[in-house]
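Chemist: Just one file: entry.cif, with mmCIF, C-alpha atoms.
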data_coords
#
loop_
_atom_site.group_PDB
_atom_site.id
_atom_site.type_symbol
_atom_site.label_atom_id
_atom_site.label_comp_id
_atom_site.auth_asym_id
_atom_site.auth_seq_id
_atom_site.Cartn_x
_atom_site.Cartn_y
_atom_site.Cartn_z
ATOM 1 C CA VAL A 10 89.755 119.539 90.038
ATOM 2 C CA MET A 11 90.728 116.134 91.389
ATOM 3 C CA PRO A 12 93.725 117.433 93.372
ATOM 4 C CA LEU A 13 91.423 119.920 95.098
ATOM 5 C CA VAL A 14 88.883 117.210 95.956
ATOM 6 C CA SER A 15 91.571 114.803 97.117
ATOM 7 C CA ALA A 16 93.395 117.371 99.262
ATOM 8 C CA PRO A 17 91.685 116.196 102.489
ATOM 9 C CA PHE A 18 92.909 112.651 101.789
ATOM 10 C CA LEU A 19 96.438 113.840 101.251
ATOM 11 C CA LEU A 20 96.289 115.951 104.416
ATOM 12 C CA LEU A 21 94.975 112.936 106.307
ATOM 13 C CA GLY A 22 98.093 111.182 105.086
ATOM 14 C CA GLU A 23 100.156 113.622 107.113
ATOM 15 C CA LEU A 24 98.496 112.216 110.248
ATOM 16 C CA ILE A 25 97.850 108.561 109.405
ATOM 17 C CA ARG A 26 100.204 106.462 107.275
ATOM 18 C CA SER A 27 101.409 108.641 104.382
ATOM 19 C CA PRO A 28 99.989 110.873 101.645
ATOM 20 C CA ASP A 29 101.090 108.272 99.077
ATOM 21 C CA TRP A 30 99.097 105.570 100.845
ATOM 22 C CA TRP A 31 95.940 107.713 100.876
ATOM 23 C CA ALA A 32 96.440 108.894 97.282
ATOM 24 C CA ALA A 33 96.626 105.266 96.152
ATOM 25 C CA ARG A 34 93.216 104.641 97.741
ATOM 26 C CA PHE A 35 91.484 107.847 96.672
ATOM 27 C CA ASN A 36 89.966 106.382 93.499
ATOM 28 C CA VAL A 37 88.670 103.342 95.400
ATOM 29 C CA VAL A 38 86.865 105.635 97.842
ATOM 30 C CA VAL A 39 85.456 107.758 94.996
ATOM 31 C CA VAL A 40 84.058 104.739 93.135
ATOM 32 C CA ALA A 41 82.680 103.187 96.320
ATOM 33 C CA ALA A 42 80.946 106.446 97.259
ATOM 34 C CA GLY A 43 79.602 106.772 93.708
ATOM 35 C CA VAL A 44 78.219 103.229 93.720
ATOM 36 C CA VAL A 45 76.543 103.756 97.097
ATOM 37 C CA ALA A 46 75.012 107.025 95.873
ATOM 38 C CA VAL A 47 73.716 105.393 92.678
ATOM 39 C CA PHE A 48 72.217 102.507 94.666
ATOM 40 C CA ARG A 49 70.428 104.973 96.943
ATOM 41 C CA LEU A 50 69.182 107.086 94.024
ATOM 42 C CA LEU A 51 67.885 104.081 92.080
ATOM 43 C CA ARG A 52 66.418 102.234 95.073
ATOM 44 C CA GLY A 53 62.842 101.256 94.236
ATOM 45 C CA ARG A 54 63.292 102.081 90.533
ATOM 46 C CA ILE A 55 65.543 99.182 89.527
ATOM 47 C CA ASP A 56 65.831 95.728 91.073
ATOM 48 C CA SER A 57 68.812 95.834 93.443
ATOM 49 C CA GLY A 58 70.082 92.419 92.280
ATOM 50 C CA PHE A 59 70.120 93.575 88.670
ATOM 51 C CA LEU A 60 71.799 96.839 89.666
ATOM 52 C CA ALA A 61 74.500 94.969 91.607
ATOM 53 C CA LYS A 62 75.210 92.760 88.586
ATOM 54 C CA LEU A 63 75.281 95.792 86.317
ATOM 55 C CA VAL A 64 77.759 97.606 88.574
ATOM 56 C CA LEU A 65 80.006 94.529 88.723
ATOM 57 C CA LEU A 66 79.852 94.176 84.948
ATOM 58 C CA LEU A 67 80.686 97.849 84.442
ATOM 59 C CA LEU A 68 83.566 97.709 86.900
ATOM 60 C CA PHE A 69 85.172 94.594 85.511
ATOM 61 C CA ALA A 70 84.459 95.158 81.822
ATOM 62 C CA SER A 71 85.723 98.730 81.821
ATOM 63 C CA PHE A 72 88.926 100.584 82.569
ATOM 64 C CA LEU A 73 87.973 101.302 86.166
ATOM 65 C CA THR A 74 89.432 98.256 87.905
ATOM 66 C CA ASN A 75 92.906 98.834 86.540
ATOM 67 C CA ARG A 76 92.688 102.593 87.151
ATOM 68 C CA LEU A 77 91.739 102.086 90.808
ATOM 69 C CA ARG A 78 95.362 101.244 91.571
ATOM 70 C CA ASP A 79 96.657 104.703 90.703
ATOM 71 C CA TYR A 80 95.989 108.337 91.474
ATOM 72 C CA ASN A 81 94.578 109.552 88.170
ATOM 73 C CA ALA A 82 91.801 111.802 86.923
ATOM 74 C CA GLU A 83 89.750 109.475 84.744
ATOM 75 C CA VAL A 84 88.107 107.567 87.596
ATOM 76 C CA PHE A 85 86.976 110.750 89.329
ATOM 77 C CA THR A 86 85.611 112.104 86.042
ATOM 78 C CA ALA A 87 83.759 108.899 85.159
ATOM 79 C CA THR A 88 82.227 108.655 88.622
ATOM 80 C CA ALA A 89 81.159 112.320 88.775
ATOM 81 C CA VAL A 90 79.647 112.229 85.280
ATOM 82 C CA ALA A 91 77.849 108.914 85.888
ATOM 83 C CA LEU A 92 76.432 110.152 89.177
ATOM 84 C CA GLY A 93 75.353 113.411 87.538
ATOM 85 C CA ILE A 94 73.598 111.558 84.718
ATOM 86 C CA VAL A 95 71.760 109.352 87.216
ATOM 87 C CA LEU A 96 70.635 112.497 89.051
ATOM 88 C CA LEU A 97 69.374 113.979 85.770
ATOM 89 C CA VAL A 98 67.554 110.832 84.666
ATOM 90 C CA THR A 99 65.849 110.279 88.009
ATOM 91 C CA GLY A 100 64.644 113.871 87.986
ATOM 92 C CA ARG A 101 66.148 114.640 91.371
ATOM 93 C CA THR A 102 68.052 117.844 91.917
ATOM 94 C CA ALA A 103 69.037 118.542 88.328
ATOM 95 C CA PHE A 104 71.273 121.397 89.482
ATOM 96 C CA ILE A 105 73.415 119.012 91.553
ATOM 97 C CA GLY A 106 73.480 116.554 88.647
ATOM 98 C CA TRP A 107 74.674 119.185 86.184
ATOM 99 C CA THR A 108 77.199 120.432 88.744
ATOM 100 C CA ALA A 109 78.655 116.937 89.169
ATOM 101 C CA ILE A 110 78.888 116.524 85.398
ATOM 102 C CA VAL A 111 80.567 119.924 84.928
ATOM 103 C CA ILE A 112 83.089 119.166 87.694
ATOM 104 C CA GLY A 113 83.912 115.850 86.023
ATOM 105 C CA VAL A 114 84.287 117.483 82.605
ATOM 106 C CA VAL A 115 86.505 120.288 83.914
ATOM 107 C CA ASN A 116 88.690 117.585 85.469
ATOM 108 C CA VAL A 117 89.275 115.986 82.027
ATOM 109 C CA PRO A 118 88.576 118.635 79.337
ATOM 110 C CA ALA A 119 88.444 116.090 76.495
ATOM 111 C CA THR A 120 85.057 114.976 77.842
ATOM 112 C CA LEU A 121 83.505 118.323 76.848
ATOM 113 C CA VAL A 122 82.239 116.664 73.659
ATOM 114 C CA GLY A 123 80.407 114.069 75.750
ATOM 115 C CA LEU A 124 78.873 116.837 77.854
ATOM 116 C CA ALA A 125 77.603 118.498 74.674
ATOM 117 C CA LEU A 126 75.961 115.199 73.657
ATOM 118 C CA VAL A 127 74.340 114.785 77.088
ATOM 119 C CA ALA A 128 73.113 118.387 76.939
ATOM 120 C CA GLY A 129 71.712 117.737 73.450
ATOM 121 C CA CYS A 130 69.836 114.672 74.706
ATOM 122 C CA GLU A 131 68.446 116.653 77.631
ATOM 123 C CA ALA A 132 67.440 119.497 75.287
ATOM 124 C CA VAL A 133 65.473 116.991 73.200
ATOM 125 C CA ARG A 134 63.952 115.360 76.289
ATOM 126 C CA ARG A 135 63.046 118.685 77.903
ATOM 127 C CA PRO A 136 62.821 121.258 75.133
ATOM 128 C CA ARG A 137 64.849 123.998 76.806
ATOM 129 C CA LEU A 138 67.950 125.724 75.562
ATOM 130 C CA ARG A 139 69.192 126.194 79.107
ATOM 131 C CA CYS A 140 70.297 122.554 78.969
ATOM 132 C CA PHE A 141 73.352 123.884 77.110
ATOM 133 C CA LEU A 142 74.382 126.187 79.975
ATOM 134 C CA PRO A 143 76.533 123.436 81.574
ATOM 135 C CA VAL A 144 78.487 123.179 78.305
ATOM 136 C CA VAL A 145 79.149 126.916 78.395
ATOM 137 C CA ALA A 146 80.039 126.767 82.105
ATOM 138 C CA ALA A 147 82.441 123.848 81.623
ATOM 139 C CA ALA A 148 84.106 125.503 78.621
ATOM 140 C CA ALA A 149 84.486 128.759 80.569
ATOM 141 C CA LEU A 150 85.996 126.944 83.562
ATOM 142 C CA ILE A 151 88.381 124.979 81.333
ATOM 143 C CA MET A 152 89.499 128.145 79.555
ATOM 144 C CA GLY A 153 89.781 130.036 82.843
ATOM 145 C CA GLU A 154 92.003 127.335 84.291
ATOM 146 C CA ALA A 155 94.170 127.396 81.148
ATOM 147 C CA TRP A 156 94.426 131.164 81.432
ATOM 148 C CA VAL A 157 95.510 131.023 85.079
ATOM 149 C CA ARG A 158 97.956 128.123 84.636
ATOM 150 C CA ARG A 159 99.368 128.772 81.168
ATOM 151 C CA GLY A 160 98.701 132.439 80.413
ATOM 152 C CA GLY A 161 95.950 132.184 77.813
ATOM 153 C CA PRO A 162 92.478 130.649 77.477
ATOM 154 C CA LEU A 163 93.407 128.629 74.392
ATOM 155 C CA VAL A 164 96.898 127.588 75.474
ATOM 156 C CA THR A 165 96.823 123.826 76.003
ATOM 157 C CA GLY A 166 100.398 123.142 77.012
ATOM 158 C CA TYR A 167 100.922 120.922 73.980
ATOM 159 C CA GLU A 168 102.175 123.664 71.676
ATOM 160 C CA GLY A 169 105.417 122.641 70.052
ATOM 161 C CA ASN A 170 105.030 119.067 71.285
ATOM 162 C CA HIS A 171 106.291 116.968 68.433
ATOM 163 C CA GLY A 172 106.946 113.659 70.124
ATOM 164 C CA PHE A 173 109.952 111.435 69.675
ATOM 165 C CA ARG A 174 111.656 110.652 66.408
ATOM 166 C CA THR A 175 111.297 106.959 65.575
ATOM 167 C CA VAL A 176 111.648 104.836 62.465
ATOM 168 C CA LEU A 177 108.144 105.809 61.374
ATOM 169 C CA PRO A 178 108.209 108.307 58.501
ATOM 170 C CA TYR A 179 106.098 111.075 60.072
ATOM 171 C CA SER A 180 107.276 110.871 63.679
ATOM 172 C CA GLY A 181 108.945 113.738 65.476
ATOM 173 C CA GLU A 182 107.139 116.467 63.556
ATOM 174 C CA ALA A 183 104.955 119.120 65.203
ATOM 175 C CA GLY A 184 101.167 119.156 64.903
ATOM 176 C CA PHE A 185 99.104 116.528 63.115
ATOM 177 C CA SER A 186 101.896 115.454 60.820
ATOM 178 C CA TYR A 187 100.633 111.969 60.023
ATOM 179 C CA PRO A 188 98.552 112.011 56.814
ATOM 180 C CA PHE A 189 94.855 111.582 57.539
ATOM 181 C CA LEU A 190 94.381 109.006 54.792
ATOM 182 C CA LEU A 191 97.087 106.757 56.236
ATOM 183 C CA GLY A 192 95.573 107.147 59.711
ATOM 184 C CA VAL A 193 92.194 105.970 58.473
#
Output the file's structure in the form of structure tokens.
Modeler:
Amino acid sequence: VMPLVSAPFLLLGELIRSPDWWAARFNVVVVAAGVVAVFRLLRGRIDSGFLAKLVLLLLFASFLTNRLRDYNAEVFTATAVALGIVLLVTGRTAFIGWTAIVIGVVNVPATLVGLALVAGCEAVRRPRLRCFLPVVAAAALIMGEAWVRRGGPLVTGYEGNHGFRTVLPYSGEAGFSYPFLLGV
């Protein structure tokens, strides 16, 4: 999803500077736009001084500041999901909030579990089963993308990936070769 969203930035790079220059700044623009949107959504609900301190704390105590240097998917996902959750909590345009969350989850499929937890919380808060529709939509989009790119809805691209052989006893073997008990 992120390459599609960032395509205008990369095309702008054909006119001004370079696509690499704009790609390196894409995550900064995404986070800045997300912070501005959150400030506007929470204006009048939370003290702006407290919100500014909270945003600074979240930026500097999390992975975001280091990830802003690169062109990677996690920042876009975190920003889209956070913005979507704020939209849900404030009760404004729940459809747009769920859409932002689903777009973020499709961008990084491992966050589907988090989406299921958010949907569960919303189902408890507003007793409706339709809160789980975004989970179904995200799973369908993830599987559809896998089908188009790799030829099957359950093909992850990691089949047969066994890693490198090292001095560790269970390295270089396919699947979950490390014994669970030793991992714990």
Chemist: Might you spell out which residues the PyMOL selection byres ((chain A and resi 108) around 10) would select in the displayed file, as a list in words?
Modeler: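 Output of the PyMOL selection byres ((chain A and resi 108) around 10): Ala89, Val90, Gly93, Ala103, Phe104, Ile105, Gly106, Trp107, Ala109, Ile110, Val111, Ile112, Gly113, Val114, Pro143, Ala146 and Ala147 of chain A.
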Chemist: Distance CA of Pro12 in chain A-CA of Val157 in chain A, one decimal place?
Modeler: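 For CA of Pro12 in chain A relative to CA of Val157 in chain A, the distance reads 16.0 Å.
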Chemist: Can you tell me how far CA of Asn170 in chain A sits from CA of Ser186 in chain A, in Å to one decimal?
Modeler: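 So the two atoms, CA of Asn170 in chain A and CA of Ser186 in chain A, lie 11.5 Å apart.
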Chemist: Figure out the distance between CA of Trp31 in chain A and CA of Leu77 in chain A, please, to one decimal in Å.
Modeler: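 Between CA of Leu77 in chain A and CA of Trp31 in chain A the gap is 12.3 Å.
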Chemist: Determine, counting only C-alpha atoms, which protein, DNA and RNA residues have an atom within 9 Å of an atom of Glu83 in chain A; residues of the same chain fewer than 6 positions away are not included. Present the result as a ChimeraX atom specification.
Modeler: /A:73,76,113,116-117
Chemist: Using the chain letters and numbers from the file, which residues does the PyMOL selection byres ((chain A and resi 172) around 8) grab, as an MDAnalysis selection string?
Modeler: chainID A and resid 170:171 173:174 180:183
Chemist: If we count only C-alpha atoms and set the cut-off at 12 Å, which residues sit around Ala128 in chain A, ignoring sequence neighbours fewer than 3 positions away in its own chain? Please answer as a ChimeraX atom specification.
Modeler: /A:93-94,97,106-107,110-111,121-125,131-145,147
Chemist: Any chance you could work out the residue set of the PyMOL selection byres ((chain A and resi 74) around 12) here, as a list in words?
Modeler: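 Residues picked by the PyMOL selection byres ((chain A and resi 74) around 12): Asn36, Val37, Val40, Ala41, Val64, Leu65, Leu66, Leu67, Leu68, Phe69, Ala70, Ser71, Phe72, Leu73, Asn75, Arg76, Leu77, Arg78, Asp79, Glu83 and Val84 of chain A.
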Chemist: Counting only C-alpha atoms, find the residues whose atoms lie at most 9 Å from (93.7, 116.2, 90.8) (file coordinates) and write them out as a list in words.
Modeler: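 Those residues lying close to the given coordinates are Val10, Met11, Pro12, Leu13, Val14, Ser15, Ala16, Tyr80, Asn81, Ala82, Phe85 and Asn116 of chain A.
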Chemist: Between A:Cys130, A:Pro118, A:Val38, A:Phe185, single out the one closest to Gly153 in chain A, counting only C-alpha atoms.
Modeler: A:Pro118
Chemist: Excluding Ala46 in chain A and any residue of its chain fewer than 2 positions from it, enumerate the residues within 12 Å of it, using all atoms listed in the file, and give them as JSON, numbers by chain.
Modeler: {"A": [39, 40, 41, 42, 43, 44, 48, 49, 50, 51, 52, 88, 89, 91, 92, 93, 95, 96]}
Chemist: Determine the nearest neighbour of Phe35 in chain A from the options A:Leu150, A:Leu126, A:Leu19, A:Val47, counting only C-alpha atoms.
Modeler: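 Going through A:Leu150, A:Leu126, A:Leu19, A:Val47 one by one, the smallest distance to Phe35 in chain A is for A:Leu19.
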